[in-house]
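Novice: Structure incoming, see below.
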Amino acid sequence: DWTMAAFREQAVAEIRAKVGDGKVICGLSGGVDSSVAAILIHEAIGDQLTCIFVDHGLLRMGEASQVVGMFRDHYNIPLVHVEAQDLFIGALEGESDPEVKRKTIGRLFIETFEAEAEKLGGADFLAQGTLYPDVIESVSFTGGPSVTIKSHHNVGGLPERMNMKLVEPLRELFKDEVRELGRELGLPEQFVGRHPFPGPGLAIRCPGGVTREKLDILRQADAIYLDEIRKAGLYDAIWQAFAVLLPVQTVGVMGDGRTYEFVCALRAVTSVDGMTADFYPFDMDFLGNAATRIINEVRGINRVVYDVTSKPPGTIEWE
Ligand code: XMP
């Protein structure tokens with residue numbers, strides 16, 4: 001008889017046994033997984049845990065303040081907020097290979113965690129909210145030959161050499177189970193229901209090279225798209241929705257003038273575990289309205305397209 005209450009109890013015991021009186025740092029991404037992992041570990045070992053939130057400049061609009069506010073003010077869990085925008089965006093400059101981008105971000109995350117751990121007088125463990133599908137997809141594709149689809153930053157993207165041992169209490173869970181565990185741990189419903197957000201953030205939603213300017217454009221388009229989804233009451237019916245800024249400029253016309261700006265792709269899928277997904281069948285009025293708002297309100301975008309690819313053969317993220 002397997003319940004979340006039983007899982008919680010067992011996980012807490014296992015974390016205590018593994019960690020002993022060691023110190024743990026936990027990287028928070030703002031997503032459900034790392035938040036649930038942090039709260040569970042905090043329950044197990046209290047102030048042996050310090051959370052580290054790295055603002056890598058690849059976050060969505062308003063995200064940093066939401067995460068910091070929730071952990072510091074709501075949960076009262078010690079949190080270090082690292083401003084690392086220059087470090088990450090600088091390292092990504094000129095790089096357009098998706099795997100190199102992912103590995104670069106993974107390496108910088110670890111270097112940042114190690115540097116922060118040192119400031120705290122050292123840490124023995126690094127905690128992460130790795131889920132079962134992250135483990136599977138970083139290793140092989142179901143039923144096929146062993147081939148890496150993507151190096152998830154929290155699995156295959158980690159550097160080989162790392163001083164800390166890993167604590168990954170959610171490694172056997174699927175997303176719906178993590179959400180159930182989050183509810184069990186008292187996470188507010190609007191947080192439990194948040195769409196997944198990948199550790200490499202907006203970098204993998206800017207196919208090709210990443211620049212600050214592109215990230216700013218993408219952030220605005222993404223916020224408008226999600227605002228429209230919420231207003232239409234569709235947020236909870238969708239597994240994940242986001243904008244992608246394509247590295248392509250097209251010609252348009254605005255008033256009397258010619259424009260030559262970027263194309264924005266909108267993505268929305270339904271899924272139960274992220275392993276397979278179907279594109280979300282919006283009605284055309286919704287899409288037309290979202291496109292109009294994005295083009296009118298965001299300088300730098302003059303065309304919007306909708307991605308109707310399911311997974312497989314597409315993946316959810318574009319990189
Ligand atoms: P894909 O694009 O592989 O994504 O179909 C499946 C799910 O995983 C998320 N994703 C990640 N999550 N680190 C994460 O924590 C990553 O590196 C990463 N890459 C993809 C993606 O957003 C989707 O929910």
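By convention here, the chains of the structure tokens are called A, B, ... in the order presented, each chain's residues are numbered starting at 1, and ligands are numbered starting at 1 in the order presented.
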Select the residues contacting ligand 1 at a distance of at most 7 Å, based on only C-alpha atoms and all ligand atoms, then format the selection as a ChimeraX atom specification.
Specialist: /A:102,134,150-154,196-200,240,274-275,311,315-319
Novice: Quick one: pick out all strand (DSSP E or B) residues within region 102-311 of chain A from a backbone DSSP run and write them as a PyMOL selection string.
Specialist: chain A and resi 125-127+165-167+240-254+257-270+277-279+301-306+311
Novice: So which one's closest to Gly30 (chain A), A:Pro188, A:Gly201, A:Gly233, A:Pro247? Using only C-alpha atoms, please.
Specialist: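 When distances to Gly30 (chain A) are compared using only C-alpha atoms, the smallest one comes from A:Gly201.
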Novice: Could you make a table, as JSON lines, of the residues of region 44-102 of chain A that have an atom within 12 Å of an atom of region 168-187 of chain A, each with its nearest atom pair and distance in Å to one decimal, counting only C-alpha atoms, in chain and number order?
Specialist:
```
{"residue": "A:Ala44", "atom": "CA", "partner": "A:Pro169", "partner_atom": "CA", "distance": 11.1}
{"residue": "A:Met70", "atom": "CA", "partner": "A:Leu187", "partner_atom": "CA", "distance": 9.9}
{"residue": "A:Phe71", "atom": "CA", "partner": "A:Leu187", "partner_atom": "CA", "distance": 10.8}
{"residue": "A:His74", "atom": "CA", "partner": "A:Leu187", "partner_atom": "CA", "distance": 9.9}
{"residue": "A:Tyr75", "atom": "CA", "partner": "A:Leu187", "partner_atom": "CA", "distance": 9.5}
```
Novice: How would the residues just chosen look if you wrote them out with N, CA and C atoms as a PDB file, in the first residue's frame?
Specialist:
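The resulting selection.pdb:
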```
ATOM      1  N   ALA A  44      13.977  16.805   6.506  1.00  0.00           N
ATOM      2  CA  ALA A  44      14.842  15.733   7.013  1.00  0.00           C
ATOM      3  C   ALA A  44      15.999  16.268   7.866  1.00  0.00           C
ATOM      4  N   MET A  70       9.239  33.189  -2.098  1.00  0.00           N
ATOM      5  CA  MET A  70       8.590  32.002  -1.552  1.00  0.00           C
ATOM      6  C   MET A  70       9.476  31.290  -0.528  1.00  0.00           C
ATOM      7  N   PHE A  71      10.755  31.137  -0.837  1.00  0.00           N
ATOM      8  CA  PHE A  71      11.610  30.379   0.091  1.00  0.00           C
ATOM      9  C   PHE A  71      11.983  31.186   1.323  1.00  0.00           C
ATOM     10  N   HIS A  74       8.048  32.662   2.821  1.00  0.00           N
ATOM     11  CA  HIS A  74       7.002  31.690   3.121  1.00  0.00           C
ATOM     12  C   HIS A  74       7.563  30.504   3.913  1.00  0.00           C
ATOM     13  N   TYR A  75       8.676  29.970   3.460  1.00  0.00           N
ATOM     14  CA  TYR A  75       9.214  28.757   4.106  1.00  0.00           C
ATOM     15  C   TYR A  75      10.313  29.023   5.117  1.00  0.00           C
TER      16      TYR A  75
END
```
Novice: Need to verify the contact set: region 295-306 of chain A, 9 Å, only C-alpha atoms, exclusion of same-chain residues closer than 4 positions in sequence. Can you return it as an MDAnalysis selection string?
Specialist: chainID A and resid 214 217:218 220:221 224 245 249:254 259:268 287 290:291
Novice: Between A:Leu202, A:Leu126, A:Val269, A:Ala13, which one has atoms that come closest to Leu166 (chain A), using only C-alpha atoms?
Specialist: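 Result for the nearest residue to Leu166 (chain A): A:Leu126.
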Novice: Identify which of the residues A:Ala232, A:Val67, A:Ala117, A:Val135 lies closest to Leu49 (chain A), counting only C-alpha atoms when measuring atom-to-atom distances.
Specialist: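 Closest residue, counting only C-alpha atoms: A:Ala117.
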